[in-house]
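Undergrad: The file below is coords.txt, compact mmCIF, C-alpha atoms:
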```txt
# COMPACT_ATOMS: atom_id res chain seq x y z
CA MET F 176 167.54 -6.38 31.07
CA PRO F 177 170.82 -6.02 32.95
CA VAL F 178 172.87 -2.87 32.45
CA ILE F 179 176.62 -3.41 32.19
CA ILE F 180 178.90 -0.41 32.35
CA ALA F 181 182.15 -1.56 30.79
CA ASP F 182 184.21 -1.42 27.61
CA ALA F 183 182.42 -3.53 24.97
CA ARG F 184 185.73 -3.87 23.10
CA GLN F 185 186.80 -6.24 25.86
CA ARG F 186 185.86 -9.84 25.08
CA GLU F 187 184.86 -10.55 28.70
CA THR F 188 182.36 -7.69 28.58
CA LEU F 189 180.67 -9.21 25.53
CA VAL F 190 180.58 -12.61 27.27
CA LYS F 191 179.11 -11.04 30.41
CA ALA F 192 176.51 -9.25 28.27
CA GLY F 193 175.46 -12.58 26.74
CA ALA F 194 176.84 -12.21 23.20
CA PRO F 195 177.52 -15.97 22.91
CA ARG F 196 173.77 -16.62 23.35
CA ALA F 197 172.44 -13.53 21.54
CA ARG F 198 170.65 -13.62 18.21
CA ALA F 199 171.77 -10.08 17.35
CA ILE F 200 174.05 -7.28 18.48
CA ILE F 201 173.89 -3.54 17.78
CA PRO F 202 177.24 -1.75 18.18
CA CYS F 203 176.34 1.94 18.05
CA THR F 204 179.07 4.02 19.63
CA GLU F 205 180.20 7.26 18.03
CA ASP F 206 183.33 5.61 16.58
CA ASP F 207 183.12 3.50 13.40
CA LEU F 208 186.20 1.40 14.20
CA THR F 209 185.02 0.71 17.75
CA ASN F 210 181.69 -0.50 16.36
CA LEU F 211 183.50 -2.74 13.87
CA ASP F 212 185.79 -4.07 16.61
CA ILE F 213 182.79 -4.98 18.80
CA ALA F 214 180.97 -6.58 15.86
CA LEU F 215 183.93 -8.75 14.89
CA ASP F 216 184.52 -9.83 18.50
CA ALA F 217 180.85 -10.79 18.82
CA ARG F 218 181.14 -12.72 15.55
CA GLU F 219 184.10 -14.66 17.00
CA LEU F 220 182.06 -15.50 20.10
CA LYS F 221 179.02 -16.54 18.09
CA PRO F 222 179.49 -17.06 14.35
CA GLY F 223 176.39 -16.06 12.44
CA ILE F 224 175.16 -13.53 15.02
CA LYS F 225 173.16 -10.81 13.27
CA VAL F 226 175.01 -7.51 13.42
CA VAL F 227 173.30 -4.16 12.93
CA MET F 228 175.93 -1.48 13.13
CA ARG F 229 175.97 2.31 13.25
CA MET F 230 178.57 3.92 11.00
CA PHE F 231 179.10 7.54 10.09
CA ASP F 232 181.04 6.89 6.89
CA ALA F 233 178.65 5.65 4.16
CA ASP F 234 181.46 4.23 1.97
CA LEU F 235 182.95 2.36 4.90
CA ALA F 236 179.47 1.05 5.83
CA ARG F 237 179.06 -0.47 2.34
CA LYS F 238 182.56 -2.01 2.46
CA VAL F 239 182.00 -3.45 5.93
CA GLU F 240 178.68 -4.93 4.84
CA ARG F 241 180.29 -6.61 1.81
CA GLY F 242 183.75 -7.43 3.14
CA PHE F 243 182.98 -8.59 6.66
CA GLY F 244 179.59 -10.16 6.10
CA ILE F 245 177.98 -7.77 8.56
CA HIS F 246 174.27 -8.12 7.92
CA THR F 247 173.48 -4.44 8.07
CA ALA F 248 175.77 -1.44 8.45
CA PHE F 249 173.94 1.88 8.65
CA SER F 250 175.55 5.22 7.96
CA THR F 251 173.77 7.74 10.16
CA SER F 252 174.56 10.58 7.77
CA ALA F 253 173.19 8.55 4.83
CA LEU F 254 170.03 7.81 6.81
CA ALA F 255 169.61 11.47 7.75
CA ALA F 256 170.30 12.85 4.25
CA PRO F 257 166.86 12.02 2.82
CA ALA F 258 165.15 13.73 5.74
CA PHE F 259 167.18 16.90 5.20
CA ALA F 260 166.51 16.85 1.45
CA ALA F 261 162.81 16.28 2.04
CA ALA F 262 162.64 19.14 4.53
CA ALA F 263 164.06 21.47 1.89
CA THR F 264 161.23 20.73 -0.55
CA GLN F 265 157.68 22.01 -0.47
CA ALA F 266 156.32 18.48 -0.22
CA ASP F 267 154.88 17.45 3.14
CA ILE F 268 157.09 14.42 3.78
CA SER F 269 156.72 12.32 6.91
CA HIS F 270 159.55 9.86 6.23
CA SER F 271 162.25 9.26 3.63
CA PHE F 272 164.43 6.20 3.27
CA TYR F 273 166.43 4.29 0.72
CA VAL F 274 165.62 0.84 -0.62
CA GLY F 275 168.81 0.00 -2.46
CA ASP F 276 169.56 3.11 -4.50
CA THR F 277 165.92 4.25 -4.64
CA LEU F 278 164.78 7.06 -2.35
CA LEU F 279 161.22 6.51 -1.16
CA ASN F 280 159.16 9.21 0.52
CA VAL F 281 156.04 8.86 2.60
CA SER F 282 153.71 11.84 2.43
CA GLN F 283 150.28 12.66 3.77
CA VAL F 284 147.98 14.73 1.55
CA THR F 285 144.56 16.17 2.41
CA VAL F 286 142.41 16.80 -0.66
CA ARG F 287 141.59 20.51 -0.92
CA ALA F 288 138.42 22.16 -2.21
CA GLY F 289 138.77 22.98 -5.91
CA SER F 290 141.65 20.51 -6.28
CA ARG F 291 142.08 18.47 -9.47
CA LEU F 292 142.28 15.41 -7.20
CA VAL F 293 138.56 15.64 -6.38
CA GLY F 294 136.68 12.94 -8.31
CA LYS F 295 139.78 10.89 -9.22
CA THR F 296 139.93 7.26 -8.16
CA LEU F 297 142.96 5.97 -6.28
CA ALA F 298 143.70 3.77 -9.31
CA GLN F 299 143.78 6.83 -11.60
CA LEU F 300 146.04 8.67 -9.19
CA GLU F 301 148.45 5.73 -8.90
CA ARG F 302 148.54 5.19 -12.67
CA GLU F 303 148.88 8.89 -13.67
CA LEU F 304 151.51 9.82 -11.08
CA ASP F 305 153.32 6.50 -10.56
CA LEU F 306 152.82 6.45 -6.79
CA SER F 307 151.36 4.03 -4.27
CA VAL F 308 148.48 4.94 -1.98
CA ILE F 309 149.06 3.11 1.30
CA MET F 310 146.26 4.63 3.37
CA HIS F 311 142.97 6.47 2.82
CA ARG F 312 140.95 8.33 5.42
CA GLY F 313 137.54 9.53 4.33
CA ALA F 314 133.95 9.74 5.52
CA GLU F 315 133.88 5.96 6.04
CA GLY F 316 136.97 5.97 8.28
CA VAL F 317 140.58 4.86 7.90
CA ASP F 318 141.50 2.15 5.40
CA LEU F 319 145.07 0.81 5.48
CA HIS F 320 144.44 -1.27 2.35
CA PRO F 321 142.30 1.04 0.23
CA VAL F 322 140.61 -0.40 -2.84
CA PRO F 323 141.56 1.28 -6.14
CA GLU F 324 137.94 2.26 -6.85
CA ILE F 325 137.76 4.79 -4.00
CA VAL F 326 136.85 8.22 -5.38
CA LEU F 327 138.60 11.15 -3.71
CA ALA F 328 136.49 13.87 -2.10
CA VAL F 329 137.32 17.17 -0.42
CA GLY F 330 138.79 16.54 3.02
CA ASP F 331 139.91 12.98 2.26
CA CYS F 332 143.42 12.21 3.44
CA ILE F 333 145.76 9.84 1.63
CA VAL F 334 149.21 8.60 2.55
CA VAL F 335 151.45 7.78 -0.42
CA PHE F 336 154.87 6.36 -1.33
CA ALA F 337 156.40 8.49 -4.08
CA SER F 338 159.50 10.21 -5.43
CA LEU F 339 160.12 13.88 -4.69
CA ASP F 340 159.18 14.83 -8.28
CA THR F 341 155.93 12.90 -8.02
CA LEU F 342 155.12 14.51 -4.66
CA ASN F 343 155.62 17.94 -6.19
CA ARG F 344 153.27 17.03 -9.07
CA LEU F 345 150.74 15.73 -6.54
CA ARG F 346 151.01 18.99 -4.57
CA GLN F 347 150.35 20.98 -7.78
CA LEU F 348 147.30 18.86 -8.59
CA ASN F 349 146.00 19.50 -5.08
CA GLN F 350 146.01 23.29 -5.56
CA PRO F 351 142.57 24.88 -6.03
CA ASN F 352 141.65 25.42 -9.69
CA GLU F 353 141.85 29.05 -10.64
CA VAL F 354 138.84 30.24 -12.61
```
Represent the structure from my file as structure tokens, please.
TA:
Amino acid sequence: MPVIIADARQRETLVKAGAPRARAIIPCTEDDLTNLDIALDARELKPGIKVVMRMFDADLARKVERGFGIHTAFSTSALAAPAFAAAATQADISHSFYVGDTLLNVSQVTVRAGSRLVGKTLAQLERELDLSVIMHRGAEGVDLHPVPEIVLAVGDCIVVFASLDTLNRLRQLNQPNEV
């Protein structure tokens, strides 16, 4: 991949970089208007080019996506916000991201001794807590498509998609029963 050190706002730089033949472009400078300028110039050189753009202003990102037909405009602060919110909770969250207006969290949970999770099937867990189990690691190994009939045992590890409230309920269920 050639490295070109030049101003991407200049049309000849985009031509030299191959924008007229490219399937996609990713303007990701630290300036929203510079990124938009590069994206629009690339669009003039090749109509229909897929544009994935970094933007700091979430409102502007939404307007650019709608108004200019930019395929995807990402606000870095909006992408980082879920991670900061997740870090402030007691839930062990690996990743957080939005799908539309819905915040999804990925969390890994190891079943503890004395937990109310012991003996539950994955189907029961999904139904009772409204979450999705996307991975199970147990005595038999790792299963990326676990069947709902799997019964949880101490030491099993599950990876789930869930809301923050659901993850907090799951964490409470995973506490040892007090006798």
Undergrad: Can you list, as a list in words, every protein, DNA or RNA residue that comes within 10 Å of F:Glu219 when you count only C-alpha atoms, leaving out same-chain residues fewer than 4 positions away?
TA: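 Surrounding residues, per the criterion: Arg186, Ala194, Pro195, Ile213, Ala214, Leu215, Gly223 and Ile224 of chain F.
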Undergrad: Using C-alpha atoms, can you write the selected residues to a file as a PDB file, in the frame of the given file?
TA:
```pdb
ATOM      1  CA  ARG F 186     185.860  -9.840  25.080  1.00  0.00           C
ATOM      2  CA  ALA F 194     176.840 -12.210  23.200  1.00  0.00           C
ATOM      3  CA  PRO F 195     177.520 -15.970  22.910  1.00  0.00           C
ATOM      4  CA  ILE F 213     182.790  -4.980  18.800  1.00  0.00           C
ATOM      5  CA  ALA F 214     180.970  -6.580  15.860  1.00  0.00           C
ATOM      6  CA  LEU F 215     183.930  -8.750  14.890  1.00  0.00           C
ATOM      7  CA  GLY F 223     176.390 -16.060  12.440  1.00  0.00           C
ATOM      8  CA  ILE F 224     175.160 -13.530  15.020  1.00  0.00           C
TER       9      ILE F 224
END
```
Undergrad: So that I can see what lies close to stretch 278-290 of chain F, please list as a PyMOL selection string the residues with an atom at most 6 Å from it, counting only C-alpha atoms and leaving out residues fewer than 5 positions away in the same chain.
TA: chain F and resi 267-273+329-338+349-352
Undergrad: Could those selected residues go to a file with C-alpha atoms, as a PDB file, keeping the file's coordinate frame?
TA:
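Wrote it out as part_12.pdb, contents follow:
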```pdb
ATOM      1  CA  ASP F 267     154.880  17.450   3.140  1.00  0.00           C
ATOM      2  CA  ILE F 268     157.090  14.420   3.780  1.00  0.00           C
ATOM      3  CA  SER F 269     156.720  12.320   6.910  1.00  0.00           C
ATOM      4  CA  HIS F 270     159.550   9.860   6.230  1.00  0.00           C
ATOM      5  CA  SER F 271     162.250   9.260   3.630  1.00  0.00           C
ATOM      6  CA  PHE F 272     164.430   6.200   3.270  1.00  0.00           C
ATOM      7  CA  TYR F 273     166.430   4.290   0.720  1.00  0.00           C
ATOM      8  CA  VAL F 329     137.320  17.170  -0.420  1.00  0.00           C
ATOM      9  CA  GLY F 330     138.790  16.540   3.020  1.00  0.00           C
ATOM     10  CA  ASP F 331     139.910  12.980   2.260  1.00  0.00           C
ATOM     11  CA  CYS F 332     143.420  12.210   3.440  1.00  0.00           C
ATOM     12  CA  ILE F 333     145.760   9.840   1.630  1.00  0.00           C
ATOM     13  CA  VAL F 334     149.210   8.600   2.550  1.00  0.00           C
ATOM     14  CA  VAL F 335     151.450   7.780  -0.420  1.00  0.00           C
ATOM     15  CA  PHE F 336     154.870   6.360  -1.330  1.00  0.00           C
ATOM     16  CA  ALA F 337     156.400   8.490  -4.080  1.00  0.00           C
ATOM     17  CA  SER F 338     159.500  10.210  -5.430  1.00  0.00           C
ATOM     18  CA  ASN F 349     146.000  19.500  -5.080  1.00  0.00           C
ATOM     19  CA  GLN F 350     146.010  23.290  -5.560  1.00  0.00           C
ATOM     20  CA  PRO F 351     142.570  24.880  -6.030  1.00  0.00           C
ATOM     21  CA  ASN F 352     141.650  25.420  -9.690  1.00  0.00           C
TER      22      ASN F 352
END
```
Undergrad: Anything within 8 Å of (155.2, 9.7, -12.7): list those residues as a ChimeraX atom specification, counting only C-alpha atoms and sticking to the file's coordinates.
TA: /F:303-306,340-341
Undergrad: Between F:Val239, F:Pro222, F:Ala181, F:Arg196, which has the minimum distance to F:Leu208 (counting all atoms listed in the file)?
TA: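 Using all atoms listed in the file, F:Leu208 sits closest to F:Val239.
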Undergrad: Would you mind telling me which residue in F:Val326, F:Leu292, F:Met230, F:Leu319 lies nearest to F:Asp206 when using all atoms listed in the file?
TA: F:Met230
Undergrad: One number please: atom CA of F:Ala233 to atom CA of F:Ile201, in Å, one decimal.
TA: 17.1 Å
Undergrad: What does the structure give for the distance between atom CA of F:Asp207 and atom CA of F:Phe231, in Å to one decimal?
TA: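 Calculated distance between atom CA of F:Asp207 and atom CA of F:Phe231 is 6.6 Å.
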Undergrad: Select, from F:Lys225, F:Leu297, F:Asp216, F:Arg302, the residue with the minimum atom-to-atom distance to F:His320, counting all atoms listed in the file.
TA: F:Leu297
Undergrad: Would you mind reading off the distance between atom CA of F:Ile325 and atom CA of F:Lys295, one decimal, in Å?
TA: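 These two atoms are separated by 8.3 Å.
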